[in-house]
Every structure is written in structure tokens, then in C-alpha cells.
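Trainee: Okay, so here is entry26.pdb, and as you'll see once you scroll down, it has PDB, N, CA and C atoms and all ligand atoms.
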ATOM      1  N   MET S   1       8.025 -16.814  -8.872
ATOM      2  CA  MET S   1       7.522 -15.436  -8.811
ATOM      3  C   MET S   1       6.132 -15.362  -9.438
ATOM      4  N   ASN S   2       5.233 -14.672  -8.765
ATOM      5  CA  ASN S   2       3.872 -14.554  -9.242
ATOM      6  C   ASN S   2       3.825 -13.713 -10.521
ATOM      7  N   ARG S   3       3.210 -14.274 -11.586
ATOM      8  CA  ARG S   3       3.162 -13.582 -12.870
ATOM      9  C   ARG S   3       2.477 -12.236 -12.810
ATOM     10  N   VAL S   4       1.576 -12.071 -11.837
ATOM     11  CA  VAL S   4       0.810 -10.832 -11.796
ATOM     12  C   VAL S   4       1.735  -9.624 -11.604
ATOM     13  N   LEU S   5       2.888  -9.834 -10.986
ATOM     14  CA  LEU S   5       3.808  -8.715 -10.742
ATOM     15  C   LEU S   5       4.393  -8.168 -12.031
ATOM     16  N   PHE S   6       4.278  -8.915 -13.124
ATOM     17  CA  PHE S   6       4.854  -8.468 -14.388
ATOM     18  C   PHE S   6       3.782  -8.146 -15.422
ATOM     19  N   SER S   7       2.558  -8.051 -15.007
ATOM     20  CA  SER S   7       1.485  -7.802 -15.959
ATOM     21  C   SER S   7       0.785  -6.491 -15.634
ATOM     22  N   SER S   8      -0.110  -6.072 -16.554
ATOM     23  CA  SER S   8      -0.820  -4.818 -16.316
ATOM     24  C   SER S   8      -1.809  -4.950 -15.165
ATOM     25  N   LYS S   9      -2.094  -6.191 -14.742
ATOM     26  CA  LYS S   9      -3.012  -6.395 -13.618
ATOM     27  C   LYS S   9      -2.393  -5.928 -12.307
ATOM     28  N   GLU S  10      -1.089  -5.720 -12.314
ATOM     29  CA  GLU S  10      -0.402  -5.322 -11.086
ATOM     30  C   GLU S  10      -0.977  -4.037 -10.495
ATOM     31  N   GLU S  11      -1.501  -3.179 -11.345
ATOM     32  CA  GLU S  11      -2.012  -1.885 -10.893
ATOM     33  C   GLU S  11      -3.145  -2.040  -9.877
ATOM     34  N   VAL S  12      -4.019  -3.007 -10.106
ATOM     35  CA  VAL S  12      -5.193  -3.132  -9.238
ATOM     36  C   VAL S  12      -5.243  -4.467  -8.496
ATOM     37  N   TRP S  13      -4.157  -5.220  -8.515
ATOM     38  CA  TRP S  13      -4.110  -6.511  -7.836
ATOM     39  C   TRP S  13      -4.442  -6.325  -6.358
ATOM     40  N   ALA S  14      -5.435  -7.062  -5.902
ATOM     41  CA  ALA S  14      -5.883  -6.899  -4.518
ATOM     42  C   ALA S  14      -5.120  -7.840  -3.587
ATOM     43  N   THR S  15      -4.785  -7.366  -2.423
ATOM     44  CA  THR S  15      -4.169  -8.200  -1.396
ATOM     45  C   THR S  15      -5.158  -9.286  -0.984
ATOM     46  N   PRO S  16      -4.736 -10.546  -0.951
ATOM     47  CA  PRO S  16      -5.662 -11.596  -0.480
ATOM     48  C   PRO S  16      -6.169 -11.269   0.933
ATOM     49  N   GLN S  17      -7.473 -11.414   1.122
ATOM     50  CA  GLN S  17      -8.085 -10.984   2.385
ATOM     51  C   GLN S  17      -7.475 -11.692   3.610
ATOM     52  N   THR S  18      -7.202 -13.005   3.474
ATOM     53  CA  THR S  18      -6.679 -13.731   4.642
ATOM     54  C   THR S  18      -5.288 -13.224   5.028
ATOM     55  N   PHE S  19      -4.495 -12.877   4.012
ATOM     56  CA  PHE S  19      -3.155 -12.334   4.273
ATOM     57  C   PHE S  19      -3.274 -10.984   4.981
ATOM     58  N   PHE S  20      -4.167 -10.138   4.453
ATOM     59  CA  PHE S  20      -4.387  -8.836   5.087
ATOM     60  C   PHE S  20      -4.882  -9.014   6.529
ATOM     61  N   ASP S  21      -5.812  -9.936   6.738
ATOM     62  CA  ASP S  21      -6.399 -10.127   8.076
ATOM     63  C   ASP S  21      -5.331 -10.466   9.117
ATOM     64  N   GLU S  22      -4.365 -11.291   8.709
ATOM     65  CA  GLU S  22      -3.292 -11.657   9.653
ATOM     66  C   GLU S  22      -2.462 -10.445  10.041
ATOM     67  N   LEU S  23      -2.091  -9.649   9.036
ATOM     68  CA  LEU S  23      -1.323  -8.432   9.339
ATOM     69  C   LEU S  23      -2.166  -7.451  10.154
ATOM     70  N   ASN S  24      -3.432  -7.375   9.808
ATOM     71  CA  ASN S  24      -4.321  -6.430  10.471
ATOM     72  C   ASN S  24      -4.494  -6.750  11.952
ATOM     73  N   GLU S  25      -4.419  -8.031  12.286
ATOM     74  CA  GLU S  25      -4.508  -8.411  13.697
ATOM     75  C   GLU S  25      -3.373  -7.785  14.485
ATOM     76  N   GLU S  26      -2.201  -7.729  13.858
ATOM     77  CA  GLU S  26      -1.036  -7.171  14.540
ATOM     78  C   GLU S  26      -1.029  -5.637  14.525
ATOM     79  N   PHE S  27      -1.423  -5.045  13.399
ATOM     80  CA  PHE S  27      -1.228  -3.591  13.255
ATOM     81  C   PHE S  27      -2.504  -2.752  13.346
ATOM     82  N   GLN S  28      -3.668  -3.378  13.238
ATOM     83  CA  GLN S  28      -4.945  -2.634  13.273
ATOM     84  C   GLN S  28      -4.915  -1.407  12.365
ATOM     85  N   PHE S  29      -4.906  -1.672  11.086
ATOM     86  CA  PHE S  29      -4.783  -0.604  10.099
ATOM     87  C   PHE S  29      -5.994   0.321  10.093
ATOM     88  N   THR S  30      -5.709   1.609   9.866
ATOM     89  CA  THR S  30      -6.794   2.607   9.806
ATOM     90  C   THR S  30      -6.849   3.306   8.459
ATOM     91  N   LEU S  31      -5.834   3.088   7.607
ATOM     92  CA  LEU S  31      -5.826   3.787   6.311
ATOM     93  C   LEU S  31      -5.227   2.910   5.219
ATOM     94  N   ASP S  32      -5.921   2.849   4.094
ATOM     95  CA  ASP S  32      -5.411   2.232   2.861
ATOM     96  C   ASP S  32      -5.282   3.378   1.847
ATOM     97  N   PRO S  33      -4.076   3.867   1.605
ATOM     98  CA  PRO S  33      -3.914   5.071   0.770
ATOM     99  C   PRO S  33      -3.848   4.797  -0.723
ATOM    100  N   CYS S  34      -3.840   3.526  -1.122
ATOM    101  CA  CYS S  34      -3.853   3.238  -2.567
ATOM    102  C   CYS S  34      -4.903   2.174  -2.841
ATOM    103  N   ALA S  35      -6.044   2.655  -3.268
ATOM    104  CA  ALA S  35      -7.202   1.757  -3.364
ATOM    105  C   ALA S  35      -8.232   2.285  -4.349
ATOM    106  N   LEU S  36      -9.193   1.438  -4.602
ATOM    107  CA  LEU S  36     -10.443   1.816  -5.253
ATOM    108  C   LEU S  36     -11.539   1.384  -4.288
ATOM    109  N   ALA S  37     -12.733   1.888  -4.465
ATOM    110  CA  ALA S  37     -13.820   1.507  -3.551
ATOM    111  C   ALA S  37     -13.962  -0.016  -3.492
ATOM    112  N   GLU S  38     -13.753  -0.678  -4.640
ATOM    113  CA  GLU S  38     -13.985  -2.124  -4.695
ATOM    114  C   GLU S  38     -12.851  -2.972  -4.138
ATOM    115  N   ASN S  39     -11.673  -2.388  -3.879
ATOM    116  CA  ASN S  39     -10.596  -3.222  -3.328
ATOM    117  C   ASN S  39      -9.993  -2.650  -2.033
ATOM    118  N   ALA S  40     -10.592  -1.595  -1.496
ATOM    119  CA  ALA S  40     -10.040  -0.958  -0.292
ATOM    120  C   ALA S  40     -10.032  -1.933   0.879
ATOM    121  N   LYS S  41      -8.955  -1.913   1.644
ATOM    122  CA  LYS S  41      -8.819  -2.811   2.788
ATOM    123  C   LYS S  41      -9.233  -2.135   4.095
ATOM    124  N   CYS S  42      -9.398  -0.826   4.081
ATOM    125  CA  CYS S  42      -9.840  -0.103   5.273
ATOM    126  C   CYS S  42     -11.036   0.771   4.879
ATOM    127  N   SER S  43     -11.840   1.138   5.870
ATOM    128  CA  SER S  43     -12.982   1.988   5.519
ATOM    129  C   SER S  43     -12.528   3.398   5.168
ATOM    130  N   PHE S  44     -11.337   3.788   5.640
ATOM    131  CA  PHE S  44     -10.763   5.080   5.233
ATOM    132  C   PHE S  44      -9.685   4.783   4.196
ATOM    133  N   TYR S  45      -9.859   5.312   3.000
ATOM    134  CA  TYR S  45      -8.926   5.011   1.909
ATOM    135  C   TYR S  45      -8.854   6.179   0.936
ATOM    136  N   PHE S  46      -7.794   6.176   0.131
ATOM    137  CA  PHE S  46      -7.662   7.172  -0.934
ATOM    138  C   PHE S  46      -7.623   6.456  -2.275
ATOM    139  N   THR S  47      -8.270   7.062  -3.254
ATOM    140  CA  THR S  47      -8.295   6.536  -4.622
ATOM    141  C   THR S  47      -7.346   7.383  -5.486
ATOM    142  N   PRO S  48      -7.123   6.958  -6.751
ATOM    143  CA  PRO S  48      -6.291   7.784  -7.630
ATOM    144  C   PRO S  48      -6.836   9.212  -7.767
ATOM    145  N   ALA S  49      -8.145   9.385  -7.697
ATOM    146  CA  ALA S  49      -8.715  10.734  -7.829
ATOM    147  C   ALA S  49      -8.264  11.642  -6.687
ATOM    148  N   GLU S  50      -8.135  11.050  -5.487
ATOM    149  CA  GLU S  50      -7.688  11.857  -4.325
ATOM    150  C   GLU S  50      -6.168  11.876  -4.239
ATOM    151  N   ASP S  51      -5.528  10.924  -4.853
ATOM    152  CA  ASP S  51      -4.079  10.738  -4.886
ATOM    153  C   ASP S  51      -3.476  10.554  -3.485
ATOM    154  N   GLY S  52      -3.374   9.289  -3.096
ATOM    155  CA  GLY S  52      -2.806   8.960  -1.789
ATOM    156  C   GLY S  52      -1.404   9.498  -1.584
ATOM    157  N   LEU S  53      -0.691   9.700  -2.661
ATOM    158  CA  LEU S  53       0.677  10.230  -2.543
ATOM    159  C   LEU S  53       0.672  11.693  -2.083
ATOM    160  N   ALA S  54      -0.414  12.389  -2.350
ATOM    161  CA  ALA S  54      -0.476  13.820  -2.034
ATOM    162  C   ALA S  54      -1.149  14.080  -0.687
ATOM    163  N   GLN S  55      -1.579  13.016  -0.011
ATOM    164  CA  GLN S  55      -2.327  13.180   1.239
ATOM    165  C   GLN S  55      -1.415  13.022   2.457
ATOM    166  N   ASP S  56      -1.919  13.529   3.598
ATOM    167  CA  ASP S  56      -1.217  13.392   4.874
ATOM    168  C   ASP S  56      -1.688  12.105   5.555
ATOM    169  N   TRP S  57      -0.751  11.239   5.936
ATOM    170  CA  TRP S  57      -1.106   9.963   6.573
ATOM    171  C   TRP S  57      -0.884  10.015   8.095
ATOM    172  N   HIS S  58      -0.580  11.168   8.594
ATOM    173  CA  HIS S  58      -0.213  11.316  10.005
ATOM    174  C   HIS S  58      -1.265  10.724  10.957
ATOM    175  N   GLY S  59      -0.779   9.971  11.940
ATOM    176  CA  GLY S  59      -1.653   9.434  12.977
ATOM    177  C   GLY S  59      -2.316   8.120  12.617
ATOM    178  N   HIS S  60      -1.992   7.588  11.451
ATOM    179  CA  HIS S  60      -2.646   6.351  11.011
ATOM    180  C   HIS S  60      -1.706   5.151  11.074
ATOM    181  N   ASN S  61      -2.322   3.975  11.151
ATOM    182  CA  ASN S  61      -1.633   2.715  10.867
ATOM    183  C   ASN S  61      -1.993   2.402   9.423
ATOM    184  N   VAL S  62      -0.991   2.443   8.570
ATOM    185  CA  VAL S  62      -1.247   2.485   7.133
ATOM    186  C   VAL S  62      -0.841   1.171   6.463
ATOM    187  N   PHE S  63      -1.750   0.639   5.668
ATOM    188  CA  PHE S  63      -1.460  -0.567   4.883
ATOM    189  C   PHE S  63      -1.291  -0.157   3.425
ATOM    190  N   VAL S  64      -0.107  -0.448   2.872
ATOM    191  CA  VAL S  64       0.198   0.021   1.516
ATOM    192  C   VAL S  64       0.557  -1.156   0.607
ATOM    193  N   ASN S  65      -0.319  -1.441  -0.338
ATOM    194  CA  ASN S  65      -0.010  -2.357  -1.431
ATOM    195  C   ASN S  65      -0.084  -1.480  -2.682
ATOM    196  N   PRO S  66       1.035  -0.907  -3.096
ATOM    197  CA  PRO S  66       1.011   0.143  -4.125
ATOM    198  C   PRO S  66       0.835  -0.423  -5.522
ATOM    199  N   PRO S  67       0.489   0.460  -6.472
ATOM    200  CA  PRO S  67       0.522   0.032  -7.867
ATOM    201  C   PRO S  67       1.971  -0.311  -8.229
ATOM    202  N   TYR S  68       2.204  -1.489  -8.836
ATOM    203  CA  TYR S  68       3.570  -1.999  -8.985
ATOM    204  C   TYR S  68       4.310  -1.564 -10.248
ATOM    205  N   GLY S  69       3.849  -0.529 -10.917
ATOM    206  CA  GLY S  69       4.584  -0.062 -12.099
ATOM    207  C   GLY S  69       5.794   0.770 -11.701
ATOM    208  N   ARG S  70       6.201   1.640 -12.612
ATOM    209  CA  ARG S  70       7.373   2.491 -12.343
ATOM    210  C   ARG S  70       7.160   3.439 -11.172
ATOM    211  N   LYS S  71       5.873   3.740 -10.891
ATOM    212  CA  LYS S  71       5.573   4.701  -9.825
ATOM    213  C   LYS S  71       5.879   4.155  -8.438
ATOM    214  N   ILE S  72       6.271   2.881  -8.360
ATOM    215  CA  ILE S  72       6.472   2.291  -7.033
ATOM    216  C   ILE S  72       7.530   3.053  -6.227
ATOM    217  N   ALA S  73       8.519   3.626  -6.909
ATOM    218  CA  ALA S  73       9.577   4.366  -6.199
ATOM    219  C   ALA S  73       8.984   5.542  -5.425
ATOM    220  N   ALA S  74       8.011   6.213  -6.020
ATOM    221  CA  ALA S  74       7.382   7.355  -5.339
ATOM    222  C   ALA S  74       6.630   6.880  -4.099
ATOM    223  N   TRP S  75       6.041   5.686  -4.170
ATOM    224  CA  TRP S  75       5.324   5.143  -3.010
ATOM    225  C   TRP S  75       6.291   4.748  -1.903
ATOM    226  N   VAL S  76       7.434   4.181  -2.270
ATOM    227  CA  VAL S  76       8.430   3.814  -1.256
ATOM    228  C   VAL S  76       8.918   5.079  -0.537
ATOM    229  N   GLU S  77       9.162   6.114  -1.310
ATOM    230  CA  GLU S  77       9.638   7.374  -0.711
ATOM    231  C   GLU S  77       8.563   7.979   0.205
ATOM    232  N   LYS S  78       7.324   7.957  -0.259
ATOM    233  CA  LYS S  78       6.213   8.488   0.544
ATOM    234  C   LYS S  78       6.078   7.691   1.848
ATOM    235  N   CYS S  79       6.164   6.375   1.764
ATOM    236  CA  CYS S  79       6.059   5.537   2.965
ATOM    237  C   CYS S  79       7.161   5.873   3.953
ATOM    238  N   TYR S  80       8.353   6.058   3.440
ATOM    239  CA  TYR S  80       9.476   6.392   4.313
ATOM    240  C   TYR S  80       9.186   7.709   5.061
ATOM    241  N   HIS S  81       8.797   8.744   4.326
ATOM    242  CA  HIS S  81       8.565  10.051   4.973
ATOM    243  C   HIS S  81       7.397   9.994   5.965
ATOM    244  N   GLU S  82       6.321   9.339   5.573
ATOM    245  CA  GLU S  82       5.155   9.276   6.471
ATOM    246  C   GLU S  82       5.476   8.467   7.727
ATOM    247  N   SER S  83       6.298   7.414   7.591
ATOM    248  CA  SER S  83       6.599   6.551   8.738
ATOM    249  C   SER S  83       7.432   7.271   9.786
ATOM    250  N   ARG S  84       8.027   8.387   9.398
ATOM    251  CA  ARG S  84       8.830   9.156  10.357
ATOM    252  C   ARG S  84       7.983  10.121  11.181
ATOM    253  N   LYS S  85       6.701  10.260  10.829
ATOM    254  CA  LYS S  85       5.814  11.130  11.604
ATOM    255  C   LYS S  85       5.408  10.424  12.894
ATOM    256  N   LYS S  86       5.088  11.222  13.910
ATOM    257  CA  LYS S  86       4.668  10.663  15.201
ATOM    258  C   LYS S  86       3.387   9.861  15.051
ATOM    259  N   ASN S  87       3.267   8.805  15.849
ATOM    260  CA  ASN S  87       2.045   7.989  15.882
ATOM    261  C   ASN S  87       1.621   7.492  14.501
ATOM    262  N   THR S  88       2.582   7.228  13.679
ATOM    263  CA  THR S  88       2.264   6.771  12.319
ATOM    264  C   THR S  88       3.078   5.520  12.020
ATOM    265  N   LYS S  89       2.362   4.457  11.642
ATOM    266  CA  LYS S  89       3.047   3.207  11.276
ATOM    267  C   LYS S  89       2.686   2.871   9.842
ATOM    268  N   VAL S  90       3.676   2.429   9.093
ATOM    269  CA  VAL S  90       3.413   2.088   7.693
ATOM    270  C   VAL S  90       3.931   0.677   7.407
ATOM    271  N   VAL S  91       3.049  -0.162   6.890
ATOM    272  CA  VAL S  91       3.434  -1.499   6.431
ATOM    273  C   VAL S  91       3.232  -1.521   4.917
ATOM    274  N   MET S  92       4.282  -1.897   4.198
ATOM    275  CA  MET S  92       4.220  -1.843   2.736
ATOM    276  C   MET S  92       4.545  -3.202   2.128
ATOM    277  N   LEU S  93       3.769  -3.591   1.130
ATOM    278  CA  LEU S  93       4.073  -4.804   0.365
ATOM    279  C   LEU S  93       4.798  -4.370  -0.901
ATOM    280  N   ILE S  94       5.983  -4.903  -1.115
ATOM    281  CA  ILE S  94       6.660  -4.609  -2.379
ATOM    282  C   ILE S  94       7.284  -5.880  -2.944
ATOM    283  N   PRO S  95       7.399  -5.937  -4.271
ATOM    284  CA  PRO S  95       7.978  -7.136  -4.879
ATOM    285  C   PRO S  95       9.477  -7.183  -4.629
ATOM    286  N   ALA S  96      10.004  -8.381  -4.388
ATOM    287  CA  ALA S  96      11.450  -8.561  -4.239
ATOM    288  C   ALA S  96      11.942  -9.324  -5.461
ATOM    289  N   ARG S  97      12.624  -8.643  -6.356
ATOM    290  CA  ARG S  97      13.155  -9.298  -7.556
ATOM    291  C   ARG S  97      14.650  -9.498  -7.366
ATOM    292  N   THR S  98      14.960 -10.524  -6.594
ATOM    293  CA  THR S  98      16.345 -10.707  -6.168
ATOM    294  C   THR S  98      17.254 -11.218  -7.288
ATOM    295  N   ASP S  99      16.643 -11.521  -8.462
ATOM    296  CA  ASP S  99      17.468 -12.009  -9.579
ATOM    297  C   ASP S  99      17.880 -10.876 -10.519
ATOM    298  N   THR S 100      17.524  -9.621 -10.191
ATOM    299  CA  THR S 100      17.898  -8.513 -11.062
ATOM    300  C   THR S 100      18.746  -7.509 -10.289
ATOM    301  N   ALA S 101      19.495  -6.718 -11.046
ATOM    302  CA  ALA S 101      20.324  -5.686 -10.398
ATOM    303  C   ALA S 101      19.445  -4.584  -9.829
TER
HETATM  304  C1  LIG Z 201      -2.058  -3.190  -5.935
HETATM  305  S1  LIG Z 201      -3.632  -2.387  -5.801
HETATM  306  C2  LIG Z 201      -4.021  -2.582  -4.058
HETATM  307  C3  LIG Z 201      -5.487  -2.490  -3.773
HETATM  308  C4  LIG Z 201      -5.890  -2.630  -2.304
HETATM  309  N1  LIG Z 201      -5.346  -1.518  -1.542
HETATM  310  C5  LIG Z 201      -5.439  -3.938  -1.719
HETATM  311  O1  LIG Z 201      -4.430  -3.976  -1.004
HETATM  312  O2  LIG Z 201      -6.105  -4.947  -1.974
HETATM  313  C6  LIG Z 201      -3.145  -0.664  -5.914
HETATM  314  C7  LIG Z 201      -4.310   0.307  -5.954
HETATM  315  O3  LIG Z 201      -3.813   1.644  -5.927
HETATM  316  C8  LIG Z 201      -4.673   2.466  -6.703
HETATM  317  N2  LIG Z 201      -3.920   3.679  -7.031
HETATM  318  C9  LIG Z 201      -3.090   3.921  -8.072
HETATM  319  N3  LIG Z 201      -2.571   5.156  -8.000
HETATM  320  C10 LIG Z 201      -3.106   5.732  -6.875
HETATM  321  C11 LIG Z 201      -2.971   7.008  -6.252
HETATM  322  N4  LIG Z 201      -2.174   7.950  -6.761
HETATM  323  N5  LIG Z 201      -3.654   7.242  -5.103
HETATM  324  C12 LIG Z 201      -4.464   6.299  -4.576
HETATM  325  N6  LIG Z 201      -4.640   5.062  -5.123
HETATM  326  C13 LIG Z 201      -3.945   4.783  -6.261
HETATM  327  C14 LIG Z 201      -5.053   1.564  -7.881
HETATM  328  O4  LIG Z 201      -6.263   1.969  -8.464
HETATM  329  C15 LIG Z 201      -5.188   0.203  -7.201
HETATM  330  O5  LIG Z 201      -6.530  -0.003  -6.807
END
Could you quickly redo this structure as C-alpha cells?
Ligand SMILES: C[S@@+](CC[C@H](N)C(=O)[O-])C[C@H]1O[C@@H](n2cnc3c(N)ncnc32)[C@H](O)[C@@H]1O

Mentor:
Amino acid sequence: MNRVLFSSKEEVWATPQTFFDELNEEFQFTLDPCALAENAKCSFYFTPAEDGLAQDWHGHNVFVNPPYGRKIAAWVEKCYHESRKKNTKVVMLIPARTDTA
């Protein structure tokens, strides 16, 4: 397991570009709702100041690598609701800690 998932760096850990590029070939993402200007994966993105959780993602192909702290549950719920909207696709990266309850 990558140590970064258990450290404070998890908040701003950037998706490796080559990994994103492969997914992007398949999904052609148009929105990164959890980003900073320096790590955004799409030209249209939301920062903590705009709060991606409070925005409408309708009509977008959305790439979500959320901040991995306790707030991750709110991001999973948001992804679920947004993915049910028409013409909206959401791909989310989340840690799998299969050794814990
Ligand atoms: C794990 S990083 C992912 C960065 C980038 N999207 C990527 O995939 O490389 C999570 C990002 O979400 C941002 N973030 C945290 N809370 C947010 C919020 N409420 N709305 C938008 N962005 C947020 C953090 O500043 C951080 O840059």
C-alpha cells in the first residue's frame, strides 16, 4: 500500500499524468471537481474555494481523485448522485483498504 494514502500529503496528492492520460483516452474528461490550479487535470476545475462538492457536475465527464481524509465519504456520495444525472459520467479513484473492517 502506498504510504501517501496514510499521510497528510493525501490531501493534494496528484494523479500521475500517464495514469490519467490512459483513463482520459477512454472517457475524455471535461471536469476535475477537486483540484488546485497547480494539479488540475482538466482545464475546467473546482478548487476548495469554489467547493466542488457544492457545484453541479451535470453534463460532464468527471475525473475525481478526492482528498483522502475523512471527507472522502462526502465525495463518494456526491459522485453517486452526480453520476445519476443525464449525460454525466463519473470516474473516481479511491483507496481500497481491504485489510480493515
Ligand atoms: C488528491 S488531490 C487531486 C488533485 C488533482 N485533481 C489530481 O487528480 O491530480 C485532491 C485535491 O482536492 C482539493 N480539494 C479539497 N477539498 C476540495 C473541495 N471542497 N472542492 C474542490 N477541491 C478540493 C485539494 O486541494 C487537492 O488539490

Trainee: Name the residues within 12 Å of (-5.7, -10.1, 2.6), counting only C-alpha atoms in the file's coordinates, and put them as a PyMOL selection string.

Mentor: chain S and resi 13-25+39-42+63-65+93

Trainee: Tell me, in Å to one decimal, how far atom N of Phe44 in chain S is from atom C of Leu31 in chain S.

Mentor: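 Between atom N of Phe44 in chain S and atom C of Leu31 in chain S the gap works out to 6.2 Å.
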
Trainee: Could you spell out the hits of the PyMOL selection byres (((chain S and resi 89) around 6) and not hetatm) on the shown file, as a PyMOL selection string?

Mentor: chain S and resi 60-62+83+87-88+90-91

Trainee: Counting all atoms listed in the file, which of S:Phe29, S:Glu82, S:Asp51, S:Ala37 gets nearest to ligand LIG 201 (chain Z)?

Mentor: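 Looking only at the distances to ligand LIG 201 (chain Z), the closest residue turns out to be S:Asp51.
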
Trainee: Determine the residue set returned by the PyMOL selection byres (((chain S and resi 53 and name CA) around 7) and not hetatm and name CA) for the present structure, and present it as a ChimeraX atom specification.

Mentor: /S:51-52,54-55,75,78

Trainee: Just to confirm, what's the straight-line distance from atom N6 of ligand LIG 201 (chain Z) to CA of Thr100 in chain S in Å (one decimal)?

Mentor: 27.0 Å

Trainee: Can you tell me, as a ChimeraX atom specification, which residues in chain S count as strand (DSSP E or B) by DSSP?

Mentor: /S:31-32,45,61-64,89-92

Trainee: Please give the centre and size of the box around range 88-95 of chain S (axis-aligned, containing every atom listed in the file, 5 Å added per side), with values in Å to one decimal and written as JSON.

Mentor:
{"center_x": 5.9, "center_y": 0.0, "center_z": 4.4, "size_x": 17.2, "size_y": 24.4, "size_z": 28.6}

Trainee: Would you work out the distance separating atom N of Tyr45 in chain S from atom N of Ala96 in chain S, expressed in Å to one decimal?

Mentor: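 Distance between the two atoms: 25.2 Å.
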
Trainee: Taking the DSSP secondary structure from the backbone, can you list the residues of chain S that are helix (DSSP H, G or I), as a ChimeraX atom specification?

Mentor: /S:3-6,8-11,17-27,52-54,72-83

Trainee: Pro48 in chain S: which residues within 7 Å, counting only N, CA and C atoms, same-chain residues fewer than 5 positions away excluded, as a list of chain:residue names?

Mentor: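 Residues meeting the cut-off are S:Cys34, S:Ala35, S:Leu36.
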
Trainee: Rank nothing, just name the residue among S:Phe27, S:Phe46, S:Tyr80, S:Tyr68 nearest to Glu11 in chain S, using only C-alpha atoms.

Mentor: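 For Glu11 in chain S, the nearest of the candidates is S:Tyr68.
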